[in-house]
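Quick look at run_31.cif (mmCIF, C-alpha atoms):
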data_data
#
loop_
_atom_site.label_atom_id
_atom_site.label_comp_id
_atom_site.auth_asym_id
_atom_site.auth_seq_id
_atom_site.Cartn_x
_atom_site.Cartn_y
_atom_site.Cartn_z
CA MET A 27 -4.93 14.59 -19.09
CA GLU A 28 -2.32 13.80 -21.70
CA ARG A 29 -1.75 17.51 -22.42
CA ARG A 30 -1.95 18.53 -18.78
CA VAL A 31 0.70 16.02 -17.73
CA ARG A 32 2.94 17.01 -20.64
CA ALA A 33 2.70 20.65 -19.56
CA LEU A 34 3.58 19.73 -15.99
CA ARG A 35 6.55 17.67 -17.11
CA THR A 36 7.84 20.48 -19.33
CA VAL A 37 7.59 23.12 -16.61
CA LEU A 38 9.29 20.89 -14.02
CA ALA A 39 12.10 20.08 -16.45
CA GLU A 40 12.60 23.75 -17.35
CA LYS A 41 12.83 24.58 -13.66
CA GLY A 42 15.47 21.91 -13.22
CA TYR A 43 13.35 19.97 -10.71
CA ILE A 44 13.35 16.76 -12.71
CA ASP A 45 15.82 14.95 -14.91
CA PRO A 46 13.78 13.55 -17.83
CA ALA A 47 16.21 10.62 -18.09
CA ALA A 48 15.38 9.68 -14.49
CA LEU A 49 11.70 9.46 -15.42
CA ASP A 50 12.53 6.89 -18.09
CA VAL A 51 14.49 4.79 -15.59
CA LEU A 52 11.64 4.94 -13.07
CA ILE A 53 9.09 3.82 -15.66
CA ASP A 54 11.33 1.04 -16.96
CA THR A 55 11.91 -0.22 -13.42
CA TYR A 56 8.23 -0.64 -12.63
CA GLU A 57 7.07 -1.64 -16.07
CA ARG A 58 9.73 -4.22 -16.82
CA LYS A 59 12.09 -5.00 -13.95
CA THR A 60 9.74 -5.40 -10.99
CA GLY A 61 6.54 -7.37 -10.82
CA PRO A 62 4.71 -10.35 -9.40
CA ARG A 63 7.22 -12.82 -10.82
CA ASN A 64 9.51 -11.69 -7.98
CA GLY A 65 6.91 -12.64 -5.39
CA ALA A 66 6.23 -15.91 -7.20
CA ARG A 67 9.89 -16.88 -6.76
CA VAL A 68 9.63 -16.10 -3.04
CA VAL A 69 6.56 -18.31 -2.70
CA ALA A 70 8.04 -21.17 -4.71
CA ARG A 71 11.16 -21.11 -2.55
CA ALA A 72 8.99 -21.24 0.58
CA TRP A 73 7.14 -24.26 -0.84
CA VAL A 74 10.30 -26.27 -1.46
CA ASP A 75 12.56 -25.12 1.36
CA ALA A 76 11.18 -25.46 4.89
CA GLU A 77 14.02 -23.49 6.39
CA PHE A 78 13.35 -20.58 4.02
CA ARG A 79 9.61 -20.80 4.77
CA ASN A 80 10.28 -20.51 8.50
CA TRP A 81 12.60 -17.57 7.93
CA LEU A 82 9.99 -15.90 5.70
CA LEU A 83 7.33 -16.26 8.39
CA ARG A 84 9.71 -15.01 11.10
CA ASP A 85 11.43 -12.14 9.25
CA ALA A 86 9.99 -11.64 5.78
CA THR A 87 12.00 -8.49 5.05
CA ALA A 88 15.31 -10.33 5.48
CA ALA A 89 14.20 -13.55 3.79
CA ILE A 90 12.88 -11.68 0.76
CA ALA A 91 16.00 -9.50 0.61
CA SER A 92 18.11 -12.67 0.41
CA LEU A 93 16.53 -13.24 -3.03
CA GLY A 94 17.39 -9.69 -4.06
CA TYR A 95 14.04 -7.95 -3.61
CA THR A 96 14.28 -4.86 -1.43
CA GLY A 97 13.38 -1.23 -1.25
CA ARG A 98 10.58 1.22 -1.80
CA GLN A 99 7.21 0.04 -0.48
CA GLY A 100 8.74 -3.18 0.79
CA GLU A 101 10.85 -1.88 3.65
CA HIS A 102 8.87 -3.76 6.32
CA MET A 103 7.53 -7.03 4.94
CA VAL A 104 5.30 -9.63 6.61
CA ALA A 105 4.40 -12.96 4.99
CA LEU A 106 1.00 -14.57 5.63
CA GLU A 107 0.60 -18.29 5.04
CA ASN A 108 -2.72 -19.60 3.77
CA THR A 109 -3.82 -22.93 5.19
CA ALA A 110 -6.84 -25.19 4.81
CA SER A 111 -8.42 -23.47 7.80
CA CYS A 112 -7.41 -19.82 7.25
CA HIS A 113 -7.35 -17.69 4.09
CA ASN A 114 -5.58 -14.32 4.15
CA LEU A 115 -6.62 -11.31 2.05
CA VAL A 116 -4.72 -8.01 1.83
CA VAL A 117 -6.25 -4.59 1.22
CA CYS A 118 -5.46 -0.92 1.74
CA THR A 119 -8.81 0.71 2.47
CA LEU A 120 -7.26 4.18 2.75
CA CYS A 121 -5.36 4.16 -0.52
CA SER A 122 -3.17 1.66 -2.32
CA CYS A 123 -0.39 0.37 -0.04
CA TYR A 124 1.12 -2.66 -1.77
CA PRO A 125 4.46 -4.53 -1.63
CA TRP A 126 6.17 -3.11 -4.72
CA PRO A 127 9.47 -5.05 -4.64
CA VAL A 128 7.69 -8.42 -4.77
CA LEU A 129 4.47 -7.60 -6.64
CA GLY A 130 5.28 -4.46 -8.65
CA LEU A 131 2.64 -1.77 -9.00
CA PRO A 132 -0.88 -2.57 -7.80
CA PRO A 133 -3.58 -3.46 -10.33
CA THR A 134 -6.39 -0.98 -10.92
CA TRP A 135 -8.98 -2.99 -9.00
CA TYR A 136 -6.77 -3.04 -5.89
CA LYS A 137 -6.84 0.78 -5.87
CA SER A 138 -10.53 1.02 -6.74
CA ALA A 139 -13.42 1.96 -4.46
CA PRO A 140 -15.28 -1.38 -4.79
CA TYR A 141 -12.31 -3.44 -3.54
CA ARG A 142 -11.29 -1.02 -0.79
CA ALA A 143 -14.87 -0.67 0.45
CA ARG A 144 -15.90 -4.33 0.40
CA ALA A 145 -12.77 -6.32 1.24
CA VAL A 146 -13.03 -5.61 4.97
CA LYS A 147 -16.80 -6.17 5.20
CA ASP A 148 -17.70 -8.79 2.61
CA PRO A 149 -14.50 -10.61 1.62
CA ARG A 150 -16.44 -13.65 0.42
CA GLY A 151 -18.36 -11.41 -1.95
CA VAL A 152 -15.08 -9.97 -3.23
CA LEU A 153 -13.67 -13.48 -3.69
CA ALA A 154 -16.80 -14.39 -5.65
CA ASP A 155 -16.03 -11.48 -8.03
CA PHE A 156 -12.74 -13.29 -8.70
CA GLY A 157 -14.51 -16.62 -9.16
CA ILE A 158 -13.23 -18.00 -5.86
CA ARG A 159 -15.45 -19.88 -3.43
CA LEU A 160 -13.99 -21.13 -0.17
CA PRO A 161 -15.56 -23.67 2.21
CA GLU A 162 -17.84 -22.06 4.82
CA SER A 163 -15.59 -23.46 7.52
CA THR A 164 -12.53 -21.55 6.27
CA GLU A 165 -11.75 -18.56 8.42
CA ILE A 166 -11.08 -15.39 6.43
CA ARG A 167 -8.53 -12.96 7.72
CA VAL A 168 -8.33 -9.53 6.11
CA TRP A 169 -5.21 -7.39 6.60
CA ASP A 170 -5.79 -3.66 6.09
CA SER A 171 -2.36 -2.12 5.32
CA THR A 172 -2.87 1.10 7.23
CA ALA A 173 0.79 1.80 8.08
CA GLU A 174 4.13 0.96 6.43
CA VAL A 175 4.00 -2.81 6.95
CA ARG A 176 3.49 -4.55 3.58
CA TYR A 177 1.91 -7.99 3.37
CA LEU A 178 2.60 -10.91 1.02
CA VAL A 179 0.25 -13.89 1.01
CA ILE A 180 1.82 -17.34 0.60
CA PRO A 181 -0.92 -19.30 -1.17
CA GLN A 182 -1.42 -23.01 -0.55
CA ARG A 183 0.66 -25.22 -2.79
CA PRO A 184 -1.60 -26.89 -5.36
CA PRO A 185 -1.95 -30.67 -5.07
CA GLY A 186 -0.09 -32.87 -7.55
CA THR A 187 2.97 -30.62 -7.75
CA ASP A 188 5.43 -32.84 -5.87
CA THR A 189 7.64 -33.45 -8.87
CA LEU A 190 7.79 -29.86 -10.14
CA SER A 191 10.95 -27.79 -10.07
CA GLU A 192 11.07 -24.52 -8.18
CA GLU A 193 10.79 -22.65 -11.46
CA GLN A 194 7.74 -24.65 -12.54
CA LEU A 195 6.17 -24.03 -9.14
CA ALA A 196 6.72 -20.29 -9.49
CA ALA A 197 4.64 -20.41 -12.67
CA CYS A 198 1.70 -21.67 -10.56
CA VAL A 199 1.83 -18.57 -8.37
CA THR A 200 -0.42 -15.81 -9.68
CA ARG A 201 -0.32 -12.18 -8.60
CA ASP A 202 -3.85 -12.45 -7.21
CA SER A 203 -2.91 -15.51 -5.13
CA MET A 204 -0.29 -13.37 -3.36
CA ILE A 205 -2.89 -10.70 -2.53
CA GLY A 206 -5.43 -13.31 -1.45
CA THR A 207 -7.98 -12.71 -4.21
CA GLY A 208 -6.90 -15.86 -5.98
CA LEU A 209 -5.44 -19.32 -5.46
CA ALA A 210 -2.27 -20.78 -6.88
CA ARG A 211 -3.19 -22.51 -10.14
CA PRO A 212 -2.52 -26.17 -10.87
CA PRO A 213 0.30 -26.79 -13.37
CA MET B 7 -9.04 23.79 10.43
CA SER B 8 -11.52 21.17 9.46
CA TYR B 9 -9.73 18.29 7.83
CA ARG B 10 -11.69 15.96 5.61
CA SER B 11 -10.32 12.82 3.95
CA HIS B 12 -12.28 11.39 1.05
CA ALA B 13 -10.17 8.23 0.93
CA ASP B 14 -11.58 6.34 3.91
CA LEU B 15 -13.71 3.82 2.02
CA GLY B 16 -13.56 0.67 4.18
CA GLY B 17 -17.02 -0.80 4.74
CA GLU B 18 -18.90 1.69 2.55
CA ASP B 19 -21.82 0.15 0.67
CA GLY B 20 -22.87 0.82 -2.88
CA HIS B 21 -19.54 0.72 -4.73
CA GLY B 22 -20.47 -2.33 -6.73
CA ARG B 23 -18.47 -5.26 -8.00
CA VAL B 24 -14.72 -5.58 -8.21
CA VAL B 25 -13.53 -5.85 -11.81
CA PRO B 26 -10.49 -8.17 -11.99
CA GLU B 27 -7.74 -7.47 -14.48
CA PRO B 28 -5.01 -9.67 -15.94
CA GLU B 29 -1.43 -9.37 -14.73
CA GLY B 30 0.69 -6.90 -16.62
CA GLU B 31 -1.98 -4.28 -17.36
CA LEU B 32 -0.37 -1.54 -15.31
CA PHE B 33 -1.16 1.58 -17.29
CA HIS B 34 -4.17 2.50 -19.40
CA ALA B 35 -2.82 5.63 -21.09
CA PRO B 36 0.70 6.91 -21.78
CA TRP B 37 0.28 9.86 -19.38
CA GLU B 38 -0.23 7.44 -16.48
CA ARG B 39 3.40 6.34 -16.79
CA GLN B 40 4.44 9.98 -16.60
CA ALA B 41 2.18 10.54 -13.59
CA LEU B 42 3.95 7.72 -11.75
CA ALA B 43 7.44 8.89 -12.70
CA LEU B 44 6.84 12.60 -12.06
CA THR B 45 5.38 11.85 -8.63
CA LEU B 46 8.29 9.60 -7.64
CA ALA B 47 10.92 11.99 -9.02
CA MET B 48 9.42 15.01 -7.26
CA GLY B 49 9.04 12.99 -4.04
CA ALA B 50 12.78 12.34 -4.19
CA THR B 51 13.56 16.07 -4.12
CA GLY B 52 12.64 16.20 -0.44
CA ALA B 53 10.24 19.13 -0.98
CA TRP B 54 7.65 17.05 0.93
CA ASN B 55 7.37 13.56 2.40
CA LEU B 56 5.21 10.58 1.41
CA ASP B 57 2.64 11.20 4.15
CA MET B 58 2.21 14.77 2.92
CA SER B 59 1.48 13.49 -0.58
CA ARG B 60 -1.05 10.99 0.77
CA SER B 61 -2.71 13.84 2.64
CA ALA B 62 -2.69 16.08 -0.45
CA ARG B 63 -4.50 13.37 -2.45
CA GLU B 64 -7.07 12.32 0.12
CA THR B 65 -8.23 15.91 0.67
CA LEU B 66 -8.88 16.67 -3.01
CA PRO B 67 -12.56 17.76 -3.03
CA ASP B 68 -13.31 15.81 -6.23
CA TYR B 69 -11.50 12.67 -4.98
CA SER B 70 -14.36 10.27 -5.68
CA THR B 71 -14.64 11.30 -9.34
CA LEU B 72 -10.93 10.99 -10.15
CA SER B 73 -9.05 7.97 -11.44
CA TYR B 74 -6.02 6.79 -9.48
CA TYR B 75 -3.37 8.57 -11.53
CA GLU B 76 -5.55 11.67 -11.85
CA LEU B 77 -5.39 11.75 -8.05
CA TRP B 78 -1.62 11.52 -8.27
CA ILE B 79 -1.34 14.37 -10.76
CA LYS B 80 -3.77 16.64 -8.92
CA GLY B 81 -2.06 15.84 -5.63
CA LEU B 82 1.31 16.64 -7.17
CA GLU B 83 0.07 19.96 -8.59
CA LYS B 84 -1.35 20.86 -5.19
CA LEU B 85 1.93 20.10 -3.37
CA LEU B 86 3.88 22.14 -5.94
CA ALA B 87 1.47 25.09 -5.79
CA GLU B 88 1.38 25.14 -1.97
CA ARG B 89 5.15 25.50 -1.93
CA GLY B 90 5.27 28.13 -4.64
CA LEU B 91 7.21 25.81 -6.94
CA ILE B 92 4.75 26.10 -9.79
CA ALA B 93 1.95 28.53 -10.68
CA ALA B 94 -1.34 27.93 -12.45
CA ASP B 95 -0.39 30.18 -15.38
CA GLU B 96 2.67 28.00 -16.00
CA LEU B 97 0.52 24.90 -16.32
CA ASP B 98 -1.77 26.74 -18.71
CA ALA B 99 1.15 27.98 -20.78
CA GLY B 100 3.05 24.70 -20.64
CA ARG B 101 6.31 26.50 -19.91
CA MET B 102 8.18 28.18 -17.09
CA LEU B 103 7.07 31.78 -16.50
CA HIS B 104 8.44 32.45 -13.01
CA PRO B 105 11.85 31.93 -11.42
CA ALA B 106 12.42 28.49 -9.89
CA PRO B 107 13.13 28.41 -6.13
CA PRO B 108 15.96 25.93 -5.53
CA LEU B 109 15.27 22.42 -4.20
CA ASP B 110 17.47 20.33 -1.91
CA ARG B 111 17.98 17.53 -4.42
CA VAL B 112 17.16 16.55 -7.96
CA LEU B 113 16.86 12.86 -8.82
CA ARG B 114 19.35 11.90 -11.54
CA ALA B 115 18.88 8.84 -13.73
CA ALA B 116 22.03 7.20 -12.38
CA ASP B 117 20.74 7.48 -8.81
CA VAL B 118 17.34 5.87 -9.41
CA PRO B 119 18.27 2.20 -8.81
CA ALA B 120 20.00 2.95 -5.50
CA LEU B 121 17.15 5.20 -4.37
CA LEU B 122 14.51 2.56 -5.07
CA ALA B 123 16.57 -0.25 -3.57
CA ARG B 124 17.09 1.75 -0.40
CA GLY B 125 13.47 2.80 -0.03
CA ALA B 126 12.51 4.82 3.00
CA PRO B 127 12.29 2.61 6.09
CA THR B 128 10.03 4.10 8.76
CA GLU B 129 11.21 2.06 11.74
CA ARG B 130 13.03 4.07 14.43
CA PRO B 131 14.80 3.19 17.69
CA ALA B 132 12.49 2.80 20.68
CA ALA B 133 12.63 5.57 23.27
CA ALA B 134 10.26 3.77 25.66
CA PRO B 135 8.89 0.23 26.03
CA PRO B 136 5.63 -0.60 24.24
CA ARG B 137 2.50 0.12 26.26
CA PHE B 138 0.67 -2.96 24.99
CA ALA B 139 1.66 -6.60 24.58
CA ALA B 140 0.47 -9.24 22.13
CA GLY B 141 -2.78 -10.77 23.36
CA GLU B 142 -4.01 -7.65 25.14
CA ARG B 143 -7.51 -6.30 24.52
CA VAL B 144 -7.56 -2.71 23.37
CA ARG B 145 -10.14 -0.15 22.32
CA THR B 146 -9.50 2.20 19.42
CA ARG B 147 -10.08 5.93 19.60
CA ALA B 148 -13.66 6.86 18.77
CA SER B 149 -13.43 10.63 18.37
CA ARG B 150 -12.88 12.26 15.00
CA PHE B 151 -9.51 13.40 13.74
CA ASP B 152 -8.85 16.87 12.42
CA HIS B 153 -5.79 15.77 10.46
CA HIS B 154 -4.41 12.95 8.32
CA THR B 155 -4.74 9.63 10.12
CA ARG B 156 -4.50 5.90 9.44
CA LEU B 157 -7.20 4.81 11.83
CA PRO B 158 -9.99 3.98 9.37
CA GLY B 159 -13.50 5.07 10.27
CA TYR B 160 -14.81 1.50 10.41
CA ALA B 161 -12.28 0.63 13.13
CA ARG B 162 -12.94 3.57 15.46
CA GLY B 163 -14.32 2.98 18.94
CA LYS B 164 -13.95 -0.80 18.48
CA ILE B 165 -12.53 -3.46 20.75
CA GLY B 166 -9.82 -5.67 19.33
CA ARG B 167 -6.81 -7.73 20.32
CA VAL B 168 -3.16 -6.83 19.87
CA GLU B 169 -1.74 -9.58 17.71
CA HIS B 170 1.75 -8.30 16.86
CA VAL B 171 4.01 -5.55 18.08
CA ARG B 172 5.63 -4.16 14.91
CA GLY B 173 8.28 -1.87 16.33
CA VAL B 174 8.46 1.92 16.50
CA HIS B 175 7.52 3.76 13.30
CA VAL B 176 7.28 7.30 12.01
CA PHE B 177 3.84 8.57 13.01
CA ALA B 178 1.95 9.41 9.82
CA ASP B 179 -0.50 11.67 11.67
CA THR B 180 2.19 14.23 12.53
CA HIS B 181 4.58 13.52 9.65
CA ALA B 182 1.87 14.40 7.12
CA HIS B 183 1.59 17.90 8.53
CA GLY B 184 5.22 18.88 8.98
CA ARG B 185 5.08 18.24 12.73
CA GLY B 186 7.96 15.80 12.70
CA GLU B 187 8.33 12.03 12.76
CA GLN B 188 7.27 11.61 16.43
CA PRO B 189 7.85 7.82 16.17
CA GLN B 190 5.33 5.64 18.01
CA TRP B 191 4.90 1.94 18.70
CA LEU B 192 2.90 0.24 15.97
CA TYR B 193 0.64 -2.77 16.58
CA THR B 194 -1.37 -5.13 14.44
CA VAL B 195 -4.79 -5.12 16.09
CA VAL B 196 -7.37 -7.69 15.02
CA PHE B 197 -11.15 -7.29 15.33
CA SER B 198 -13.89 -9.84 14.84
CA GLY B 199 -16.23 -9.21 11.93
CA ARG B 200 -19.10 -8.95 14.42
CA GLU B 201 -17.35 -6.25 16.42
CA LEU B 202 -16.97 -4.19 13.24
CA TRP B 203 -20.17 -4.95 11.36
CA GLY B 204 -22.65 -6.27 13.90
CA ASP B 205 -24.37 -9.58 14.48
CA ASP B 206 -25.42 -9.97 10.85
CA CYS B 207 -21.80 -10.41 9.85
CA ALA B 208 -20.95 -13.91 8.69
CA PRO B 209 -18.90 -15.83 11.28
CA GLY B 210 -15.26 -16.66 10.69
CA LEU B 211 -14.12 -13.16 9.68
CA GLY B 212 -11.21 -11.33 11.30
CA VAL B 213 -9.98 -7.93 10.13
CA SER B 214 -6.76 -6.30 11.28
CA ILE B 215 -5.30 -2.85 10.99
CA ASP B 216 -1.85 -1.54 11.85
CA ALA B 217 -2.42 1.02 14.58
CA TRP B 218 -0.02 3.42 16.24
CA GLU B 219 -0.08 3.55 20.03
CA PRO B 220 -1.92 6.91 20.30
CA TYR B 221 -4.95 5.30 18.62
CA LEU B 222 -5.31 2.73 21.41
CA GLU B 223 -6.32 2.42 25.03
CA ILE B 224 -6.76 -0.61 27.28
CA ALA B 225 -10.22 -2.08 26.75
CA PRO B 226 -12.48 -1.85 29.81
#
Would you mind writing the file's structure down as structure tokens?
Amino acid sequence: MERRVRALRTVLAEKGYIDPAALDVLIDTYERKTGPRNGARVVARAWVDAEFRNWLLRDATAAIASLGYTGRQGEHMVALENTASCHNLVVCTLCSCYPWPVLGLPPTWYKSAPYRARAVKDPRGVLADFGIRLPESTEIRVWDSTAEVRYLVIPQRPPGTDTLSEEQLAACVTRDSMIGTGLARPP
Amino acid sequence: MSYRSHADLGGEDGHGRVVPEPEGELFHAPWERQALALTLAMGATGAWNLDMSRSARETLPDYSTLSYYELWIKGLEKLLAERGLIAADELDAGRMLHPAPPLDRVLRAADVPALLARGAPTERPAAAPPRFAAGERVRTRASRFDHHTRLPGYARGKIGRVEHVRGVHVFADTHAHGRGEQPQWLYTVVFSGRELWGDDCAPGLGVSIDAWEPYLEIAP
């Protein structure tokens, strides 16, 4: 593939269809500038600021934009709050739809056949693959991102974090906890 | 035309375990970075739209044997070839052999941040009121589709409840085939696990999809 992609890049550049410098900016953006730390800051803010939480649940696109995260694959955001009685899990069974501005590029497993096939049918089995076991009484709600709405899970705030700063709280928020395949970790 | 998507995996058995991966492992070979960037840069030329590239990927005959970024590269090559922008002998030679038809735009490095920050919102003004309201019971279309669609197989011919009305959005089914945006009302429709998977399904499962209005009818 290495050689095939190099050939494609060369031909497209010779034809003037791509600017090689633009490719470098695109890669840098998604490799270094965007990623799940953005989403973690959104979640931490929601944990400490009830007004922001309400805004996030009402109009996630605007609330998230107020922290500076906007654009491609996050144009229409919806936030889903996990509670003791309901756990949310996000999937894209048809491909790989994922909220890029807050989580960056999706991990390989999110795009893989096992996750896409099983998340909608056996979410508890999928959670077990991630080492997560929820009480039988917890309702599981799976969101299949079949259109352009992108979902961000707000995990439950771990106990014993009352004295933490917003920045310390953000460190508890894992990528997987914002997809629903994980929980926020204790400090 | 007989359209076949190989991407509709929801509910299929036999795919095995999910293999988790630590944060930050985005690429597994240098060419994968290029696959991402080439696809985004060519998408920005306006030679096709995002739904067309999704359709190009999902109809690749060897879909199930390809890795994610292999799908992207093969999809990209297909879109380029279909439009006469690149020829097979050029890929073999690794250089341009034929004249280059002009494109509307070329993405320059300086324009990347603004392009990504703007994104491509799909919401459009409503031309008519929504046909369904939150709380209503609906049934999804059961018949097969002969084109790109976002109604997954597992959710066809099923009864669910409209949970949210999401506004009017570009209709992927037509947009993917150059038949215009034809914006339609979009709804989040939730189904019980038992409705989708039968009585053996563990209780306490709800699954939702985002469904455009033409997929839905009032449940009997």
Name the residues in contact with Met27 of chain A at a cut-off of 9 Å, using only C-alpha atoms, excluding same-chain residues fewer than 6 positions from it; report them as an mmCIF file with C-alpha atoms, in the frame of the given file.
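This is the output file result_26.cif:
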data_model
loop_
_atom_site.group_PDB
_atom_site.id
_atom_site.type_symbol
_atom_site.label_atom_id
_atom_site.label_comp_id
_atom_site.auth_asym_id
_atom_site.auth_seq_id
_atom_site.Cartn_x
_atom_site.Cartn_y
_atom_site.Cartn_z
ATOM 1 C CA TRP B 37 0.280 9.860 -19.380
ATOM 2 C CA GLU B 38 -0.230 7.440 -16.480
ATOM 3 C CA GLU B 76 -5.550 11.670 -11.850
#
task = Select, from B:Ser198, B:Thr51, B:Gln188, B:Thr65, the residue with the minimum atom-to-atom distance to Val112 of chain B, counting all atoms listed in the file.
result =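 Nearest to Val112 of chain B: B:Thr51.
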ask   = If the PyMOL selection byres ((chain B and resi 189) around 12) is run on the structure shown, which residues does it catch, given as an MDAnalysis selection string?
value = chainID B and resid 128:134 136 173:181 185:188 190:192 218:220
ask   = Which residue, A:Glu193, A:Asp202, A:Glu107, A:Glu28, has the smallest gap to chain B when you use all atoms listed in the file?
value =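 So, comparing all the options, the nearest one is A:Glu28.
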query = Quick one: which residues end up in the PyMOL selection byres ((chain A and resi 29-32) around 8) for this structure, as a PyMOL selection string?
reply = (chain A and resi 27-28+33-36) or (chain B and resi 37+40-41+79+97+100)
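For the atom pair formed by atom CA of His102 of chain A and atom CA of Leu121 of chain B, the distance is 16.2 Å, given to one decimal.
Interatomic distance, atom CA of His12 of chain B to atom CA of Gly159 of chain B: 11.2 Å.
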Kindly assemble as JSON lines a list of the chain B residues that lie within 6 Å of chain A, each paired with its nearest atom pair and their distance in Å to one decimal, using only C-alpha atoms, sorted first by chain and then by ascending residue number.
{"residue": "B:Ala13", "atom": "CA", "partner": "A:Leu120", "partner_atom": "CA", "distance": 5.3}
{"residue": "B:Asp14", "atom": "CA", "partner": "A:Leu120", "partner_atom": "CA", "distance": 5.0}
{"residue": "B:Leu15", "atom": "CA", "partner": "A:Ala143", "partner_atom": "CA", "distance": 4.9}
{"residue": "B:Gly16", "atom": "CA", "partner": "A:Ala143", "partner_atom": "CA", "distance": 4.2}
{"residue": "B:Gly17", "atom": "CA", "partner": "A:Ala143", "partner_atom": "CA", "distance": 4.8}
{"residue": "B:Glu18", "atom": "CA", "partner": "A:Ala143", "partner_atom": "CA", "distance": 5.1}
{"residue": "B:His21", "atom": "CA", "partner": "A:Pro140", "partner_atom": "CA", "distance": 4.7}
{"residue": "B:Gly22", "atom": "CA", "partner": "A:Pro140", "partner_atom": "CA", "distance": 5.6}
{"residue": "B:Arg23", "atom": "CA", "partner": "A:Pro140", "partner_atom": "CA", "distance": 6.0}
{"residue": "B:Val24", "atom": "CA", "partner": "A:Pro140", "partner_atom": "CA", "distance": 5.4}
{"residue": "B:Trp37", "atom": "CA", "partner": "A:Glu28", "partner_atom": "CA", "distance": 5.3}
{"residue": "B:Ala43", "atom": "CA", "partner": "A:Leu49", "partner_atom": "CA", "distance": 5.1}
{"residue": "B:Leu97", "atom": "CA", "partner": "A:Ala33", "partner_atom": "CA", "distance": 5.8}
{"residue": "B:Gly100", "atom": "CA", "partner": "A:Ala33", "partner_atom": "CA", "distance": 4.2}
{"residue": "B:Arg101", "atom": "CA", "partner": "A:Val37", "partner_atom": "CA", "distance": 4.9}
{"residue": "B:Met102", "atom": "CA", "partner": "A:Val37", "partner_atom": "CA", "distance": 5.1}
{"residue": "B:Ala106", "atom": "CA", "partner": "A:Lys41", "partner_atom": "CA", "distance": 5.4}
{"residue": "B:Val112", "atom": "CA", "partner": "A:Tyr43", "partner_atom": "CA", "distance": 5.8}
{"residue": "B:Arg114", "atom": "CA", "partner": "A:Ala48", "partner_atom": "CA", "distance": 5.4}
{"residue": "B:Ala115", "atom": "CA", "partner": "A:Ala48", "partner_atom": "CA", "distance": 3.7}
{"residue": "B:Leu122", "atom": "CA", "partner": "A:Arg98", "partner_atom": "CA", "distance": 5.3}
{"residue": "B:Ala123", "atom": "CA", "partner": "A:Gly97", "partner_atom": "CA", "distance": 4.1}
{"residue": "B:Arg124", "atom": "CA", "partner": "A:Gly97", "partner_atom": "CA", "distance": 4.8}
{"residue": "B:Gly125", "atom": "CA", "partner": "A:Arg98", "partner_atom": "CA", "distance": 3.7}
{"residue": "B:Pro127", "atom": "CA", "partner": "A:Glu101", "partner_atom": "CA", "distance": 5.3}
{"residue": "B:Arg156", "atom": "CA", "partner": "A:Thr172", "partner_atom": "CA", "distance": 5.5}
{"residue": "B:Gly210", "atom": "CA", "partner": "A:Glu165", "partner_atom": "CA", "distance": 4.6}
{"residue": "B:Leu211", "atom": "CA", "partner": "A:Ile166", "partner_atom": "CA", "distance": 5.0}
{"residue": "B:Gly212", "atom": "CA", "partner": "A:Arg167", "partner_atom": "CA", "distance": 4.8}
{"residue": "B:Val213", "atom": "CA", "partner": "A:Val168", "partner_atom": "CA", "distance": 4.6}
{"residue": "B:Ser214", "atom": "CA", "partner": "A:Trp169", "partner_atom": "CA", "distance": 5.0}
{"residue": "B:Ile215", "atom": "CA", "partner": "A:Asp170", "partner_atom": "CA", "distance": 5.0}
{"residue": "B:Asp216", "atom": "CA", "partner": "A:Thr172", "partner_atom": "CA", "distance": 5.4}
Find the residues near Ala89 of chain A: any atom within 12 Å, counting only C-alpha atoms, skip ones fewer than 2 places away on the same chain, and give them as a compact mmCIF listing (two decimals) with C-alpha atoms, keeping the file's coordinate frame.
# COMPACT_ATOMS: atom_id res chain seq x y z
CA GLY A 65 6.91 -12.64 -5.39
CA ARG A 67 9.89 -16.88 -6.76
CA VAL A 68 9.63 -16.10 -3.04
CA VAL A 69 6.56 -18.31 -2.70
CA ARG A 71 11.16 -21.11 -2.55
CA ALA A 72 8.99 -21.24 0.58
CA ASP A 75 12.56 -25.12 1.36
CA GLU A 77 14.02 -23.49 6.39
CA PHE A 78 13.35 -20.58 4.02
CA ARG A 79 9.61 -20.80 4.77
CA ASN A 80 10.28 -20.51 8.50
CA TRP A 81 12.60 -17.57 7.93
CA LEU A 82 9.99 -15.90 5.70
CA LEU A 83 7.33 -16.26 8.39
CA ARG A 84 9.71 -15.01 11.10
CA ASP A 85 11.43 -12.14 9.25
CA ALA A 86 9.99 -11.64 5.78
CA THR A 87 12.00 -8.49 5.05
CA ALA A 91 16.00 -9.50 0.61
CA SER A 92 18.11 -12.67 0.41
CA LEU A 93 16.53 -13.24 -3.03
CA GLY A 94 17.39 -9.69 -4.06
CA TYR A 95 14.04 -7.95 -3.61
CA THR A 96 14.28 -4.86 -1.43
CA HIS A 102 8.87 -3.76 6.32
CA MET A 103 7.53 -7.03 4.94
CA VAL A 104 5.30 -9.63 6.61
CA ALA A 105 4.40 -12.96 4.99
CA VAL A 128 7.69 -8.42 -4.77
Within-10 Å shell of (-8.9, 14.4, 12.1) in input frame, all atoms listed in the file, as a VMD selection string = chain B and resid 7 to 11 149 to 157 179
inquiry  = Just to confirm, what's the straight-line distance from atom CA of His183 of chain B to atom CA of Leu56 of chain B in Å (one decimal)?
reply    =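 Pair atom CA of His183 of chain B / atom CA of Leu56 of chain B returns 10.8 Å.
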